[in-house]
>>> print(open('my_file08.txt').read())   # compact mmCIF, C-alpha atoms
# COMPACT_ATOMS: atom_id res chain seq x y z
CA MET A 1 9.87 18.65 16.90
CA ASP A 2 8.68 19.50 20.43
CA ALA A 3 6.15 17.11 21.95
CA PRO A 4 2.68 18.76 22.33
CA SER A 5 1.33 18.75 25.87
CA SER A 6 -2.42 18.35 25.21
CA TRP A 7 -4.85 16.52 22.95
CA ASP A 8 -5.76 19.74 21.12
CA ALA A 9 -2.10 20.47 20.48
CA LEU A 10 -1.57 16.95 19.15
CA ARG A 11 -4.55 17.24 16.86
CA LYS A 12 -3.42 20.62 15.50
CA GLN A 13 0.05 19.23 14.88
CA ALA A 14 -1.42 16.24 13.01
CA ARG A 15 -3.57 18.51 10.82
CA LYS A 16 -0.61 20.74 10.04
CA LEU A 17 1.54 17.79 8.99
CA GLU A 18 -1.30 16.34 6.90
CA ALA A 19 -1.70 19.66 5.06
CA GLN A 20 2.05 19.81 4.36
CA LEU A 21 1.98 16.23 3.12
CA ASP A 22 -0.93 16.99 0.78
CA GLU A 23 1.06 19.82 -0.76
CA GLN A 24 4.21 17.69 -1.11
CA MET A 25 2.28 14.75 -2.54
CA ASN A 26 0.68 16.96 -5.19
CA SER A 27 4.14 18.06 -6.32
CA TYR A 28 5.32 14.44 -6.32
CA ARG A 29 2.35 13.31 -8.43
CA LYS A 30 3.21 15.95 -11.05
CA LEU A 31 6.84 14.84 -11.00
CA VAL A 32 5.91 11.18 -11.54
CA SER A 33 3.46 11.96 -14.36
CA SER A 34 6.00 14.13 -16.23
CA LYS A 35 9.09 11.96 -15.70
CA GLY A 36 10.50 10.64 -18.95
CA SER A 37 14.22 10.16 -18.41
CA ALA A 38 16.41 7.82 -16.40
CA LYS A 39 18.26 10.68 -14.73
CA VAL A 40 17.63 11.23 -11.00
CA ASP A 41 17.91 14.95 -10.17
CA SER A 42 18.36 16.68 -6.82
CA ASP A 43 14.79 18.05 -6.79
CA GLU A 44 13.42 14.52 -6.95
CA ASN A 45 15.61 13.35 -4.07
CA ASP A 46 14.78 16.42 -1.98
CA LEU A 47 11.04 15.93 -2.54
CA GLU A 48 11.14 12.24 -1.58
CA SER A 49 13.24 12.98 1.50
CA GLY A 50 10.82 15.73 2.55
CA ILE A 51 7.79 13.45 2.21
CA GLU A 52 9.47 10.66 4.18
CA ARG A 53 10.42 13.11 6.92
CA LEU A 54 6.84 14.43 7.18
CA LEU A 55 5.45 10.88 7.26
CA ASP A 56 7.80 9.99 10.12
CA GLN A 57 6.76 13.11 12.04
CA LEU A 58 3.08 12.32 11.52
CA GLN A 59 3.75 8.78 12.72
CA GLN A 60 5.30 10.14 15.92
CA VAL A 61 2.30 12.40 16.53
CA SER A 62 -0.01 9.43 15.92
CA LEU A 63 1.86 7.39 18.54
CA GLN A 64 1.53 10.24 21.05
CA MET A 65 -2.21 10.42 20.32
CA GLN A 66 -2.43 6.66 20.80
CA ALA A 67 -0.76 6.98 24.20
CA TRP A 68 -3.22 9.74 25.12
CA VAL A 69 -6.22 7.56 24.18
CA SER A 70 -4.79 4.57 26.05
CA SER A 71 -4.54 6.65 29.21
CA GLY A 72 -8.31 7.08 29.32
CA GLY A 73 -9.56 9.05 26.31
CA SER A 74 -13.25 9.13 25.34
CA GLU A 75 -14.82 7.26 22.41
CA MET A 76 -14.92 10.50 20.40
CA VAL A 77 -11.20 10.99 20.95
CA SER A 78 -10.61 7.38 19.92
CA HIS A 79 -12.60 7.94 16.73
CA THR A 80 -10.51 11.01 15.93
CA LEU A 81 -7.31 9.02 16.43
CA THR A 82 -8.57 6.29 14.08
CA ARG A 83 -9.30 8.88 11.38
CA HIS A 84 -5.78 10.36 11.61
CA GLN A 85 -4.26 6.88 11.49
CA GLU A 86 -6.26 6.10 8.33
CA ILE A 87 -5.06 9.34 6.70
CA LEU A 88 -1.45 8.47 7.56
CA GLN A 89 -1.85 4.97 6.15
CA ASP A 90 -3.40 6.29 2.90
CA LEU A 91 -0.64 8.86 2.43
CA ARG A 92 2.13 6.35 3.09
CA GLN A 93 0.58 3.78 0.76
CA GLU A 94 0.16 6.32 -2.07
CA PHE A 95 3.75 7.51 -1.62
CA HIS A 96 5.06 3.95 -1.95
CA ARG A 97 2.92 3.41 -5.04
CA LEU A 98 4.07 6.64 -6.71
CA ARG A 99 7.72 5.96 -5.89
CA SER A 100 7.48 2.45 -7.37
CA SER A 101 5.89 3.90 -10.52
CA LEU A 102 8.66 6.50 -10.79
CA ARG A 103 11.38 3.85 -10.41
CA ALA A 104 9.72 1.73 -13.10
CA LYS A 105 9.69 4.70 -15.50
CA GLN A 106 13.36 5.41 -14.82
CA GLU A 107 14.30 1.77 -15.36
CA HIS A 108 12.35 1.69 -18.63
CA ALA A 109 14.09 4.85 -19.85
CA SER A 110 17.47 3.45 -18.81
CA LEU A 111 16.79 0.23 -20.70
CA LEU A 112 15.87 2.20 -23.83
CA ASP A 113 19.12 4.13 -23.53
CA ASP A 114 21.03 0.86 -23.30
CA PHE A 115 19.34 -0.43 -26.44
CA ARG A 116 20.14 2.76 -28.33
CA GLU A 117 23.77 2.56 -27.23
CA PHE A 118 23.91 -1.05 -28.30
CA ASP A 119 22.47 -0.20 -31.73
CA ARG A 120 24.98 2.60 -32.23
CA THR A 121 27.83 0.29 -31.29
CA ARG A 122 26.53 -2.43 -33.63
CA LEU A 123 26.30 0.00 -36.55
CA ASP A 124 29.82 1.25 -35.90
CA LEU A 125 31.09 -2.31 -35.90
CA GLU A 126 29.28 -3.17 -39.13
CA GLU A 127 30.71 -0.14 -40.91
CA GLY A 128 34.31 -0.89 -39.93
CA ALA A 129 36.57 -3.75 -40.88
CA ASP A 130 36.49 -7.01 -39.00
CA SER A 131 39.28 -7.01 -36.41
CA SER A 132 40.04 -8.16 -32.91
CA ASP A 133 39.26 -4.69 -31.56
CA GLN A 134 35.81 -4.80 -33.13
CA ALA A 135 35.18 -8.23 -31.64
CA LEU A 136 36.00 -6.82 -28.21
CA LEU A 137 33.62 -3.93 -28.78
CA ARG A 138 30.83 -6.35 -29.73
CA GLU A 139 31.44 -8.33 -26.57
CA HIS A 140 31.47 -5.16 -24.48
CA ALA A 141 28.17 -3.99 -25.98
CA THR A 142 26.57 -7.37 -25.31
CA ILE A 143 27.77 -7.35 -21.70
CA ASN A 144 26.40 -3.82 -21.17
CA ARG A 145 23.03 -4.87 -22.52
CA SER A 146 22.87 -7.98 -20.33
CA THR A 147 23.95 -5.97 -17.27
CA GLY A 148 21.20 -3.41 -17.88
CA GLN A 149 18.57 -6.15 -18.12
CA VAL A 150 19.78 -7.81 -14.91
CA ASP A 151 19.75 -4.48 -13.05
CA THR A 152 16.20 -3.88 -14.22
CA VAL A 153 15.01 -7.27 -12.97
CA ILE A 154 16.73 -6.77 -9.60
CA SER A 155 15.23 -3.30 -9.16
CA GLN A 156 11.74 -4.58 -9.98
CA ALA A 157 12.17 -7.43 -7.49
CA GLN A 158 13.27 -4.99 -4.77
CA ALA A 159 10.30 -2.70 -5.47
CA THR A 160 7.92 -5.68 -5.31
CA LEU A 161 9.46 -6.84 -2.02
CA GLY A 162 9.05 -3.36 -0.54
CA THR A 163 5.39 -3.29 -1.58
CA LEU A 164 4.73 -6.74 -0.06
CA VAL A 165 6.40 -5.75 3.22
CA PHE A 166 4.31 -2.58 3.38
CA GLN A 167 1.08 -4.51 2.66
CA ARG A 168 1.96 -6.99 5.39
CA SER A 169 2.38 -4.17 7.90
CA THR A 170 -0.89 -2.65 6.69
CA PHE A 171 -2.83 -5.89 7.25
CA GLY A 172 -1.21 -6.22 10.66
CA GLY A 173 -2.43 -2.73 11.56
CA ILE A 174 -5.97 -3.58 10.42
CA ASN A 175 -5.97 -6.74 12.54
CA SER A 176 -4.76 -4.75 15.54
CA LYS A 177 -7.57 -2.22 15.07
CA LEU A 178 -10.18 -4.98 14.88
CA THR A 179 -8.81 -6.55 18.05
CA ASN A 180 -8.88 -3.17 19.80
CA VAL A 181 -12.48 -2.53 18.77
CA SER A 182 -13.49 -6.02 19.86
CA SER A 183 -11.92 -5.55 23.30
CA ARG A 184 -13.59 -2.14 23.73
CA LEU A 185 -17.04 -3.37 22.74
CA PRO A 186 -17.70 -6.69 24.51
CA THR A 187 -21.46 -6.01 24.37
CA VAL A 188 -21.34 -6.02 20.59
CA ASN A 189 -19.57 -9.39 20.64
CA HIS A 190 -22.26 -10.76 22.97
CA ILE A 191 -25.05 -9.46 20.70
CA LEU A 192 -23.38 -10.95 17.61
CA SER A 193 -23.01 -14.31 19.37
CA SER A 194 -26.69 -14.22 20.39
CA ILE A 195 -27.72 -13.44 16.82
CA LYS A 196 -25.66 -16.38 15.52
CA ARG A 197 -27.23 -18.75 18.10
CA LYS A 198 -30.75 -17.54 17.25
CA LYS A 199 -30.05 -17.94 13.54
CA SER A 200 -28.88 -21.53 14.14
CA MET A 201 -32.00 -22.29 16.21
CA ASP A 202 -34.29 -20.81 13.54
CA THR A 203 -32.57 -22.97 10.94
CA ILE A 204 -33.14 -26.12 13.01
CA ILE A 205 -36.84 -25.27 13.58
CA LEU A 206 -37.42 -24.59 9.89
CA SER A 207 -35.74 -27.87 9.01
CA LEU A 208 -38.00 -29.79 11.44
CA VAL A 209 -41.15 -28.09 10.12
CA ALA A 210 -40.12 -28.86 6.55
CA SER A 211 -39.47 -32.50 7.47
CA VAL A 212 -42.86 -32.87 9.20
CA CYS A 213 -44.67 -31.28 6.23
CA THR A 214 -42.85 -33.58 3.81
CA PHE A 215 -43.77 -36.62 5.93
CA LEU A 216 -47.46 -35.60 6.11
CA ILE A 217 -47.59 -35.06 2.35
CA PHE A 218 -46.03 -38.48 1.81
CA ILE A 219 -48.63 -40.14 4.14
CA TYR A 220 -51.44 -38.31 2.36
CA TRP A 221 -50.14 -39.47 -1.00
CA LEU A 222 -50.00 -43.09 0.17
CA THR A 223 -53.60 -43.05 1.52
CA LYS A 224 -55.17 -41.65 -1.66
>>> encode(input="my_file08.txt", output="structure tokens")
Amino acid sequence: MDAPSSWDALRKQARKLEAQLDEQMNSYRKLVSSKGSAKVDSDENDLESGIERLLDQLQQVSLQMQAWVSSGGSEMVSHTLTRHQEILQDLRQEFHRLRSSLRAKQEHASLLDDFREFDRTRLDLEEGADSSDQALLREHATINRSTGQVDTVISQAQATLGTLVFQRSTFGGINSKLTNVSSRLPTVNHILSSIKRKKSMDTIILSLVASVCTFLIFIYWLTK
């Protein structure tokens, strides 16, 4: 992808990628909602790869826009950059959520298949005579079942780890934005500090007034 040479070109490129991602994400949502088997087909892999590629491209455009703003862009340009960054973050977060949901559905379907296979094997063993071969088949069926359960637990742990890593990066991005805003608006920080000091002073004055009133009421009560 060629690097755009102006802010307008960067913004147009970002909008184009966002529109393509919206279209791809709609198709992915339909795929996740209709998925009912453990099989992973080529269409699913192609769709996920396409979304990841578009997200990476949009990330690159966002970095170029960030460099443009850092070189002396206006507040309006900075606001536009923030909006595109929020859209990218929302799209990436939804993609991770949908992909985790799809993996969970596939693992559930795979586990059901393992149980069905185990039941068929158990019935076959019960119908036949007791022999060493049948004992081996029972052991094999039990091992397959245990292996399927372990794989499911490992996959769920990996999906959870991926989600936690993504959330950590998201919180880091939010903290960076807050720091950037704070550095750009020192006047706001000064105003907020002044408000906090005034609030503390008002609290002290009200406390003194309340104490004096309480003391006067107590004196009046004693002199009655």
>>> closest_residue(input="my_file08.txt", among="A:His108, A:Arg92, A:His79, A:Lys30", to="Glu18 of chain A", atoms="only C-alpha atoms")
A:Arg92
>>> atom_distance(input="my_file08.txt", atom1="atom CA of Trp68 of chain A", atom2="atom CA of Leu21 of chain A")
23.5 Å
>>> atom_distance(input="my_file08.txt", atom1="atom CA of Ser27 of chain A", atom2="atom CA of Asn45 of chain A")
12.6 Å
>>> closest_residue(input="my_file08.txt", among="A:Ser34, A:Gln24, A:Ser101, A:Ser6", to="Asp46 of chain A", atoms="only C-alpha atoms")
A:Gln24
>>> closest_residue(input="my_file08.txt", among="A:Val212, A:Ile219, A:Leu17, A:Leu31", to="Ser62 of chain A", atoms="all atoms listed in the file")
A:Leu17
